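Peer 1: First the structure, which I've put down as structure tokens, then a few questions once you've had a look.
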Amino acid sequence: MLQPLNPRATERGSMGARLERVLRARGVQKISPLALELGVNESCISRWRRGGAISTDNAIRLCRALDISLDWLLSGRGHMDQHKGRAVSDREFLLLARMRSLPEKVRETLLSLLETISDDT
């Protein structure tokens, strides 16, 4: 049996905080479908969100389900999307998160403005 990893031992914040961040970024509002996909109780995910220990197997399944970097989830190193070819910086992530929170019409207007600026440079 695998030893649980203790996310409280990480240097860059808690795994729980990173899990909260990725759930928001991925638009996960209810944890029951995620729990079902992982084959765990909802209480497990709630415990992980509070910084509780997670087994290596569950961490791997969670990262696959949410399409995030295992290294980032467990250690806080890098970015949640570093396992993909095009990872974004923390500033780019913040910009994207703020864009997603805006109404569609405002997003389209900002995108048009950025395209205009880009064409002029």
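As shown in the structure tokens, the chain order sets the letters A, B, ...; within each chain, residues go from 1, and ligands are also counted from 1 in the order they appear.
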Please extract the residues of segment 1-83 of chain A with a backbone DSSP assignment of alpha helix (DSSP H) and present them as number ranges by chain.

Peer 2: A: 15-25, 32-38, 42-49, 56-66, 70-75

Peer 1: Restricted to N, CA and C atoms, what would the selected residues look like written as a compact mmCIF listing (two decimals), in the first residue's frame?

Peer 2:
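File produced: selection-v2.txt:
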# COMPACT_ATOMS: atom_id res chain seq x y z
N MET A 15 -1.40 22.13 -0.66
CA MET A 15 -2.04 21.45 -1.77
C MET A 15 -3.52 21.81 -1.79
N GLY A 16 -4.12 21.98 -0.61
CA GLY A 16 -5.53 22.35 -0.55
C GLY A 16 -5.80 23.65 -1.28
N ALA A 17 -4.93 24.64 -1.09
CA ALA A 17 -5.09 25.92 -1.77
C ALA A 17 -4.94 25.75 -3.28
N ARG A 18 -3.98 24.92 -3.69
CA ARG A 18 -3.81 24.68 -5.13
C ARG A 18 -5.01 23.94 -5.70
N LEU A 19 -5.55 22.99 -4.93
CA LEU A 19 -6.73 22.26 -5.39
C LEU A 19 -7.91 23.22 -5.54
N GLU A 20 -8.09 24.10 -4.58
CA GLU A 20 -9.16 25.11 -4.68
C GLU A 20 -8.98 25.94 -5.95
N ARG A 21 -7.74 26.35 -6.21
CA ARG A 21 -7.44 27.18 -7.38
C ARG A 21 -7.81 26.45 -8.68
N VAL A 22 -7.42 25.18 -8.77
CA VAL A 22 -7.68 24.45 -10.01
C VAL A 22 -9.17 24.13 -10.17
N LEU A 23 -9.86 23.88 -9.08
CA LEU A 23 -11.31 23.64 -9.20
C LEU A 23 -12.02 24.88 -9.74
N ARG A 24 -11.59 26.06 -9.28
CA ARG A 24 -12.16 27.30 -9.82
C ARG A 24 -11.78 27.47 -11.29
N ALA A 25 -10.50 27.22 -11.59
CA ALA A 25 -10.02 27.41 -12.96
C ALA A 25 -10.70 26.46 -13.94
N SER A 32 -19.38 16.16 -6.50
CA SER A 32 -19.90 14.79 -6.61
C SER A 32 -19.53 14.12 -7.93
N PRO A 33 -19.62 14.79 -9.09
CA PRO A 33 -19.20 14.11 -10.33
C PRO A 33 -17.70 13.78 -10.33
N LEU A 34 -16.90 14.69 -9.76
CA LEU A 34 -15.45 14.44 -9.68
C LEU A 34 -15.18 13.26 -8.76
N ALA A 35 -15.86 13.21 -7.63
CA ALA A 35 -15.68 12.09 -6.70
C ALA A 35 -16.05 10.77 -7.37
N LEU A 36 -17.14 10.77 -8.12
CA LEU A 36 -17.57 9.58 -8.83
C LEU A 36 -16.53 9.15 -9.86
N GLU A 37 -15.99 10.11 -10.60
CA GLU A 37 -14.96 9.81 -11.60
C GLU A 37 -13.70 9.22 -10.95
N LEU A 38 -13.35 9.72 -9.76
CA LEU A 38 -12.15 9.26 -9.07
C LEU A 38 -12.38 7.98 -8.28
N GLU A 42 -17.13 11.98 -1.58
CA GLU A 42 -17.01 13.43 -1.61
C GLU A 42 -16.22 13.93 -0.42
N SER A 43 -16.33 13.23 0.70
CA SER A 43 -15.61 13.65 1.91
C SER A 43 -14.09 13.60 1.69
N CYS A 44 -13.62 12.71 0.83
CA CYS A 44 -12.17 12.67 0.52
C CYS A 44 -11.75 13.96 -0.15
N ILE A 45 -12.51 14.38 -1.13
CA ILE A 45 -12.16 15.62 -1.84
C ILE A 45 -12.25 16.81 -0.89
N SER A 46 -13.26 16.83 -0.05
CA SER A 46 -13.38 17.91 0.94
C SER A 46 -12.17 17.93 1.87
N ARG A 47 -11.72 16.77 2.28
CA ARG A 47 -10.54 16.68 3.15
C ARG A 47 -9.30 17.19 2.41
N TRP A 48 -9.13 16.80 1.14
CA TRP A 48 -7.99 17.28 0.36
C TRP A 48 -8.02 18.79 0.23
N ARG A 49 -9.22 19.35 0.05
CA ARG A 49 -9.38 20.81 -0.08
C ARG A 49 -8.95 21.53 1.19
N THR A 56 -0.76 8.64 -3.36
CA THR A 56 -0.17 8.88 -4.67
C THR A 56 -1.15 8.48 -5.77
N ASP A 57 -1.81 7.33 -5.61
CA ASP A 57 -2.78 6.88 -6.62
C ASP A 57 -3.89 7.89 -6.80
N ASN A 58 -4.44 8.39 -5.71
CA ASN A 58 -5.52 9.38 -5.81
C ASN A 58 -5.02 10.70 -6.40
N ALA A 59 -3.80 11.09 -6.06
CA ALA A 59 -3.24 12.32 -6.62
C ALA A 59 -3.09 12.20 -8.14
N ILE A 60 -2.63 11.05 -8.59
CA ILE A 60 -2.48 10.81 -10.03
C ILE A 60 -3.84 10.84 -10.72
N ARG A 61 -4.82 10.15 -10.14
CA ARG A 61 -6.17 10.15 -10.73
C ARG A 61 -6.76 11.56 -10.76
N LEU A 62 -6.56 12.31 -9.69
CA LEU A 62 -7.07 13.68 -9.61
C LEU A 62 -6.44 14.55 -10.70
N CYS A 63 -5.13 14.42 -10.87
CA CYS A 63 -4.44 15.22 -11.89
C CYS A 63 -4.90 14.85 -13.30
N ARG A 64 -5.14 13.58 -13.53
CA ARG A 64 -5.63 13.17 -14.86
C ARG A 64 -7.04 13.72 -15.09
N ALA A 65 -7.88 13.64 -14.07
CA ALA A 65 -9.27 14.10 -14.21
C ALA A 65 -9.33 15.60 -14.44
N LEU A 66 -8.47 16.36 -13.77
CA LEU A 66 -8.48 17.82 -13.88
C LEU A 66 -7.50 18.34 -14.92
N LEU A 70 1.00 16.96 -11.90
CA LEU A 70 1.15 16.30 -10.60
C LEU A 70 2.18 17.03 -9.74
N ASP A 71 3.28 17.41 -10.34
CA ASP A 71 4.33 18.13 -9.62
C ASP A 71 3.79 19.42 -9.04
N TRP A 72 3.02 20.17 -9.82
CA TRP A 72 2.45 21.42 -9.33
C TRP A 72 1.47 21.17 -8.19
N LEU A 73 0.59 20.18 -8.33
CA LEU A 73 -0.39 19.91 -7.29
C LEU A 73 0.29 19.55 -5.97
N LEU A 74 1.26 18.67 -6.02
CA LEU A 74 1.87 18.17 -4.79
C LEU A 74 2.92 19.09 -4.20
N SER A 75 3.69 19.76 -5.04
CA SER A 75 4.81 20.55 -4.52
C SER A 75 4.66 22.04 -4.70

Peer 1: At most 10 Å is the cut-off: for each residue in segment 42-73 of chain A with any atom that close to an atom of segment 84-106 of chain A, write down the nearest atom pair and the distance in Å rounded to one decimal, counting only C-alpha atoms, chain first then increasing number, as JSON lines.

Peer 2:
{"residue": "A:Asp67", "atom": "CA", "partner": "A:Lys84", "partner_atom": "CA", "distance": 9.0}
{"residue": "A:Ile68", "atom": "CA", "partner": "A:Lys84", "partner_atom": "CA", "distance": 8.5}
{"residue": "A:Ser69", "atom": "CA", "partner": "A:Lys84", "partner_atom": "CA", "distance": 8.3}

Peer 1: Using N, CA, C and O atoms, can you export the residues from the last selection as a PDB file, in the first residue's frame?

Peer 2:
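Produced file out_33.pdb, reproduced below:
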ATOM      1  N   ASP A  67      -6.719  17.431 -15.526  1.00  0.00           N
ATOM      2  CA  ASP A  67      -5.719  17.783 -16.534  1.00  0.00           C
ATOM      3  C   ASP A  67      -4.746  18.830 -15.996  1.00  0.00           C
ATOM      4  O   ASP A  67      -4.605  19.924 -16.546  1.00  0.00           O
ATOM      5  N   ILE A  68      -4.096  18.461 -14.867  1.00  0.00           N
ATOM      6  CA  ILE A  68      -3.121  19.353 -14.246  1.00  0.00           C
ATOM      7  C   ILE A  68      -1.822  18.594 -13.976  1.00  0.00           C
ATOM      8  O   ILE A  68      -1.799  17.370 -13.989  1.00  0.00           O
ATOM      9  N   SER A  69      -0.793  19.344 -13.700  1.00  0.00           N
ATOM     10  CA  SER A  69       0.521  18.783 -13.410  1.00  0.00           C
ATOM     11  C   SER A  69       0.550  18.190 -12.001  1.00  0.00           C
ATOM     12  O   SER A  69       0.193  18.860 -11.027  1.00  0.00           O
TER      13      SER A  69
END
